[in-house]
Amino acid sequence: MRRTVIRTIFGAVLGTVLTAVAACGAGAQTTSLPGGDGPLVLGQPLTLVLGAPPAGTDCTAQATAMNAQGLVLVANGQAIPGARASFACSARGELVGTASTSIAGSGDEAAQRRAAWQAAFNGFFSLAGAKTLPVAFGPATGGIATMPRMVSIQGASERDLGLAAIWFALVASLFLFAFFRHFGRTDTITPVAGVPMPAGYRAPYSLARFQLLWWSGIVTSSYVGILTVTGSMDTVTTGTMALMGIVGGTSVLAAFQDRRPSDDDDRRRQHAAAYQAAAAATPPDRAAMAASLDEIYPPSQGLLPDLLSDAAGYNIHRLQLLAWTMVLGITFLYEVTRTLGMPELSANLLALTGISNGTYFGFKMQEQQVATPTGPVA
C-alpha cells in the first residue's frame, strides 16, 4: 500500500514537471517583439524605438531632457517601480528608450516590481506563455509620456522554468520520502512488559504530522522554485508565516496530547492481561493473543484509514481537517505558479484554518485510540 501511494504521487509530480517543461517550449515559439526573434523574457532589458524627434528638435537634447524627468517603464498602465528609463539617440537619429524588466532581488522594491508586473498581466503572471501588452515610459506616479508600443512579454525563460520545476520536484520528493519513510507516523508506542512487539511493527500515520510535513513541503518547494526564477530570497509572506505557526502549534499540541496519561493506557494494560492469559492457556489461544496484540500495538491500516479514523472508526473532524488542508494547499500552489510569489493569505483564511485545526484538536482530546476489551480480563 505504501509503495503504491509513493509511486502514484511520484508519477503525478513527474507529470507536472514534464508538463511545465513542455509548456516552456510552447511559450518560446511566440514571436511578436519588434525587431526580435521571440517574446521578451522578464529580466531582459526592454528597448523601444520612439521615432524621430519633431522637426527642428535636436535628438540629443530631447534625450537629455527626458533622462532628467526620471521616467520609468509603464506596462499595461502599471508603472514598474525601479525600472528607470534611459534615453539615447540611434545612428538613424531616432530616440530610443531602454529600461530593465528585472523581477529579481529581495526587499520592498523588488516585491513591488513583481506585484506591478502581476497587475500588468491582469492577475495572470504568464510564465511559460507570452502575453502582448502595451508598453511605454511615464512618470513613476502614473501616466505615460511616450506613445505605447505593443510588446510580447513572457514571465520566465525556458531554462529558468525548467530548473525551477526540477528543484521543486526534488524538494517535494524529499518531503514525501521523509513522510512515508521516517517522520509521518505516530511516536513509537512504549513496549508493555510481558507482551512482545510484533516483528516489523509499523505505527499508524499521524494526521498532525501529515499536515505539518504537507505544508512544510509546499512552502519549501515553492520558495526554492521562486528563488530559481526571480533570485529573490525575501518571498515568504506574513500570511505564510502565520499559517506555518498554526500548523506547527497544532502538531505540538497533538504530540503533547499523545504523551499524556489517558484511559487508553488502562485499556492497553487490560489487553495485555488478556494476552498473557491467552498465552498461558493450554493450548495457547492464538486468535485471542493476536486480537489483544493488535490493540496493545495498533498497526497501520493504510494511509487514509490511519489519517481519518481512531479505534471507534472514521471521524468527521479528521475528514474536515484533511479536506481543508488539501484544498488550501492546492490553492496555495496554484497562486505560486500564477503570480510567481507566495500568496498573502487573508485574515479570514487564516481564521478558518485556525478554526479547522482547533476543532480537530478539541475532538482529538476525546478520541479513543485503544478499543475497550469486550471479554473477561484476567
# chains A, B, ... in the order shown; residues from 1 in each chain; ligands from 1

$ closest_atom_pairs --of "region 120-206 of chain A" --to "region 310-322 of chain A" --cutoff "12 Å" --atoms "only C-alpha atoms" --output "JSON lines"
{"residue": "A:Pro204", "atom": "CA", "partner": "A:Asp310", "partner_atom": "CA", "distance": 10.0}
{"residue": "A:Tyr205", "atom": "CA", "partner": "A:Asp310", "partner_atom": "CA", "distance": 11.1}
{"residue": "A:Ser206", "atom": "CA", "partner": "A:Arg318", "partner_atom": "CA", "distance": 10.7}

$ write_last_selection --atoms "C-alpha atoms" --output "PDB file, in the first residue's frame"
ATOM      1  CA  PRO A 204      -0.206   4.299  12.161  1.00  0.00           C
ATOM      2  CA  TYR A 205       0.245   7.527  10.213  1.00  0.00           C
ATOM      3  CA  SER A 206      -0.389  10.754  12.115  1.00  0.00           C
TER       4      SER A 206
END

$ select_by_dssp --residues "region 38-137 of chain A" --states "strand (DSSP E)" --output "PyMOL selection string"
chain A and resi 40-41+46-51+72-75+78-84+86-89+95-99+130-137

$ write_last_selection --atoms "C-alpha atoms" --output "PDB file, in the first residue's frame"
ATOM      1  CA  LEU A  40      10.854  39.470 -24.298  1.00  0.00           C
ATOM      2  CA  VAL A  41      11.533  37.455 -21.140  1.00  0.00           C
ATOM      3  CA  LEU A  46      13.385  46.317 -22.946  1.00  0.00           C
ATOM      4  CA  THR A  47      14.213  48.819 -25.706  1.00  0.00           C
ATOM      5  CA  LEU A  48      11.582  50.880 -27.501  1.00  0.00           C
ATOM      6  CA  VAL A  49      12.269  52.893 -30.633  1.00  0.00           C
ATOM      7  CA  LEU A  50      10.258  56.060 -30.057  1.00  0.00           C
ATOM      8  CA  GLY A  51      10.854  57.529 -33.523  1.00  0.00           C
ATOM      9  CA  VAL A  72      10.050  54.628 -15.641  1.00  0.00           C
ATOM     10  CA  LEU A  73       8.708  51.722 -17.626  1.00  0.00           C
ATOM     11  CA  VAL A  74       4.906  51.531 -17.807  1.00  0.00           C
ATOM     12  CA  ALA A  75       3.378  48.182 -18.800  1.00  0.00           C
ATOM     13  CA  GLN A  78       1.232  49.901 -14.454  1.00  0.00           C
ATOM     14  CA  ALA A  79       4.322  51.931 -13.555  1.00  0.00           C
ATOM     15  CA  ILE A  80       7.108  49.450 -12.727  1.00  0.00           C
ATOM     16  CA  PRO A  81       8.951  50.646  -9.579  1.00  0.00           C
ATOM     17  CA  GLY A  82      12.697  50.933 -10.037  1.00  0.00           C
ATOM     18  CA  ALA A  83      12.567  50.390 -13.825  1.00  0.00           C
ATOM     19  CA  ARG A  84      14.248  53.735 -14.591  1.00  0.00           C
ATOM     20  CA  SER A  86      17.453  55.645 -20.138  1.00  0.00           C
ATOM     21  CA  PHE A  87      17.115  57.572 -23.412  1.00  0.00           C
ATOM     22  CA  ALA A  88      19.622  57.979 -26.238  1.00  0.00           C
ATOM     23  CA  CYS A  89      19.744  58.525 -29.983  1.00  0.00           C
ATOM     24  CA  LEU A  95      15.016  58.460 -29.960  1.00  0.00           C
ATOM     25  CA  VAL A  96      15.465  55.123 -28.154  1.00  0.00           C
ATOM     26  CA  GLY A  97      14.397  54.305 -24.593  1.00  0.00           C
ATOM     27  CA  THR A  98      15.697  51.374 -22.554  1.00  0.00           C
ATOM     28  CA  ALA A  99      14.584  50.068 -19.149  1.00  0.00           C
ATOM     29  CA  ALA A 130       3.769  35.142 -23.755  1.00  0.00           C
ATOM     30  CA  LYS A 131       1.271  37.967 -23.486  1.00  0.00           C
ATOM     31  CA  THR A 132       1.151  41.084 -25.661  1.00  0.00           C
ATOM     32  CA  LEU A 133       0.979  44.267 -23.575  1.00  0.00           C
ATOM     33  CA  PRO A 134       1.029  47.990 -24.325  1.00  0.00           C
ATOM     34  CA  VAL A 135       4.365  49.354 -23.079  1.00  0.00           C
ATOM     35  CA  ALA A 136       5.509  52.969 -22.730  1.00  0.00           C
ATOM     36  CA  PHE A 137       7.519  55.284 -20.492  1.00  0.00           C
TER      37      PHE A 137
END

$ closest_residue --among "A:Ala156, A:Ala145, A:Met197, A:Val192" --to "Thr101 (chain A)" --atoms "only C-alpha atoms"
A:Ala156

$ select_by_dssp --residues "region 264-323 of chain A" --states "alpha helix (DSSP H)" --output "ChimeraX atom specification"
/A:264-280,286-296,303-308,316-323

$ residues_around --residues "region 349-357 of chain A" --least-positions-apart "5" --cutoff "12 Å" --atoms "only C-alpha atoms" --output "PyMOL selection string"
chain A and resi 207-208+211-212+238-254+316-329+331-332+343-344+362-364

$ atom_distance --atom1 "CA of Thr60 (chain A)" --atom2 "CA of Ala140 (chain A)"
22.9 Å

$ closest_residue --among "A:Phe180, A:Met365, A:Leu227, A:Ala110" --to "Asp160 (chain A)" --atoms "only C-alpha atoms"
A:Leu227

$ closest_residue --among "A:Arg260, A:Arg149, A:Arg202, A:His182" --to "Tyr297 (chain A)" --atoms "only C-alpha atoms"
A:Arg202

$ residues_around --residues "Asp265 (chain A)" --least-positions-apart "4" --cutoff "12 Å" --atoms "only C-alpha atoms" --output "number ranges by chain"
A: 189-192, 258-261, 269-272, 295-297, 368-372

$ closest_residue --among "A:Gln118, A:Leu345, A:Asp306, A:Pro196" --to "Ser292 (chain A)" --atoms "only C-alpha atoms"
A:Pro196

$ decode --residues "region 311-338 of chain A" --atoms "N, CA, C and O atoms" --output "CSV table (one decimal), in the first residue's frame"
chain,number,residue,atom,x,y,z
A,311,ALA,N,-10.0,4.3,17.1
A,311,ALA,CA,-10.5,3.0,17.5
A,311,ALA,C,-12.0,2.8,17.3
A,311,ALA,O,-12.5,1.7,17.1
A,312,ALA,N,-12.7,4.0,17.3
A,312,ALA,CA,-14.1,3.9,17.1
A,312,ALA,C,-14.6,4.0,15.7
A,312,ALA,O,-15.7,3.9,15.3
A,313,GLY,N,-13.6,4.2,14.7
A,313,GLY,CA,-13.9,4.3,13.3
A,313,GLY,C,-13.6,5.6,12.7
A,313,GLY,O,-12.8,6.4,13.3
A,314,TYR,N,-14.2,5.9,11.6
A,314,TYR,CA,-13.9,7.2,10.9
A,314,TYR,C,-14.5,8.3,11.6
A,314,TYR,O,-15.6,8.2,12.2
A,315,ASN,N,-13.8,9.5,11.6
A,315,ASN,CA,-14.2,10.7,12.3
A,315,ASN,C,-14.4,11.9,11.4
A,315,ASN,O,-13.5,12.1,10.5
A,316,ILE,N,-15.5,12.6,11.6
A,316,ILE,CA,-15.8,13.7,10.7
A,316,ILE,C,-14.8,14.9,10.9
A,316,ILE,O,-14.4,15.6,10.0
A,317,HIS,N,-14.3,15.0,12.2
A,317,HIS,CA,-13.3,16.1,12.4
A,317,HIS,C,-12.0,15.9,11.7
A,317,HIS,O,-11.3,16.9,11.3
A,318,ARG,N,-11.6,14.7,11.6
A,318,ARG,CA,-10.4,14.4,10.9
A,318,ARG,C,-10.6,14.6,9.4
A,318,ARG,O,-9.7,15.1,8.7
A,319,LEU,N,-11.8,14.2,8.8
A,319,LEU,CA,-12.0,14.4,7.4
A,319,LEU,C,-12.0,15.9,7.1
A,319,LEU,O,-11.5,16.3,6.1
A,320,GLN,N,-12.7,16.8,7.9
A,320,GLN,CA,-12.7,18.2,7.6
A,320,GLN,C,-11.3,18.8,7.6
A,320,GLN,O,-11.0,19.7,6.8
A,321,LEU,N,-10.5,18.4,8.6
A,321,LEU,CA,-9.1,18.9,8.6
A,321,LEU,C,-8.3,18.5,7.4
A,321,LEU,O,-7.6,19.3,6.7
A,322,LEU,N,-8.4,17.2,7.0
A,322,LEU,CA,-7.7,16.7,5.9
A,322,LEU,C,-8.1,17.4,4.6
A,322,LEU,O,-7.3,17.8,3.7
A,323,ALA,N,-9.5,17.5,4.4
A,323,ALA,CA,-10.0,18.1,3.2
A,323,ALA,C,-9.6,19.6,3.1
A,323,ALA,O,-9.2,20.0,2.0
A,324,TRP,N,-9.7,20.3,4.2
A,324,TRP,CA,-9.3,21.8,4.1
A,324,TRP,C,-7.8,21.9,3.9
A,324,TRP,O,-7.4,22.8,3.1
A,325,THR,N,-7.0,21.0,4.5
A,325,THR,CA,-5.6,21.1,4.3
A,325,THR,C,-5.2,20.9,2.8
A,325,THR,O,-4.4,21.6,2.2
A,326,MET,N,-5.9,19.9,2.2
A,326,MET,CA,-5.6,19.6,0.8
A,326,MET,C,-6.1,20.7,-0.1
A,326,MET,O,-5.3,21.1,-1.0
A,327,VAL,N,-7.3,21.2,0.1
A,327,VAL,CA,-7.8,22.3,-0.8
A,327,VAL,C,-7.0,23.5,-0.7
A,327,VAL,O,-6.6,24.1,-1.7
A,328,LEU,N,-6.6,24.0,0.5
A,328,LEU,CA,-5.9,25.2,0.7
A,328,LEU,C,-4.4,25.0,0.2
A,328,LEU,O,-3.9,25.9,-0.4
A,329,GLY,N,-3.9,23.8,0.3
A,329,GLY,CA,-2.5,23.6,-0.2
A,329,GLY,C,-2.5,23.6,-1.7
A,329,GLY,O,-1.6,24.2,-2.3
A,330,ILE,N,-3.5,23.0,-2.4
A,330,ILE,CA,-3.5,23.1,-3.9
A,330,ILE,C,-3.8,24.5,-4.3
A,330,ILE,O,-3.1,25.0,-5.3
A,331,THR,N,-4.6,25.2,-3.6
A,331,THR,CA,-4.9,26.7,-4.0
A,331,THR,C,-3.6,27.5,-3.8
A,331,THR,O,-3.3,28.4,-4.6
A,332,PHE,N,-2.8,27.2,-2.8
A,332,PHE,CA,-1.6,27.9,-2.5
A,332,PHE,C,-0.6,27.7,-3.7
A,332,PHE,O,0.0,28.6,-4.2
A,333,LEU,N,-0.5,26.4,-4.1
A,333,LEU,CA,0.4,26.1,-5.2
A,333,LEU,C,0.0,26.8,-6.5
A,333,LEU,O,0.8,27.2,-7.3
A,334,TYR,N,-1.3,26.8,-6.7
A,334,TYR,CA,-1.9,27.5,-7.9
A,334,TYR,C,-1.5,29.0,-7.9
A,334,TYR,O,-1.1,29.5,-8.9
A,335,GLU,N,-1.6,29.6,-6.7
A,335,GLU,CA,-1.3,31.0,-6.7
A,335,GLU,C,0.2,31.3,-6.9
A,335,GLU,O,0.7,32.3,-7.4
A,336,VAL,N,1.1,30.3,-6.4
A,336,VAL,CA,2.5,30.4,-6.6
A,336,VAL,C,2.8,30.4,-8.1
A,336,VAL,O,3.6,31.2,-8.6
A,337,THR,N,2.3,29.5,-8.8
A,337,THR,CA,2.5,29.4,-10.2
A,337,THR,C,1.9,30.5,-11.0
A,337,THR,O,2.4,30.9,-12.1
A,338,ARG,N,0.8,31.1,-10.5
A,338,ARG,CA,0.1,32.1,-11.2
A,338,ARG,C,0.8,33.5,-11.0
A,338,ARG,O,0.8,34.3,-12.0
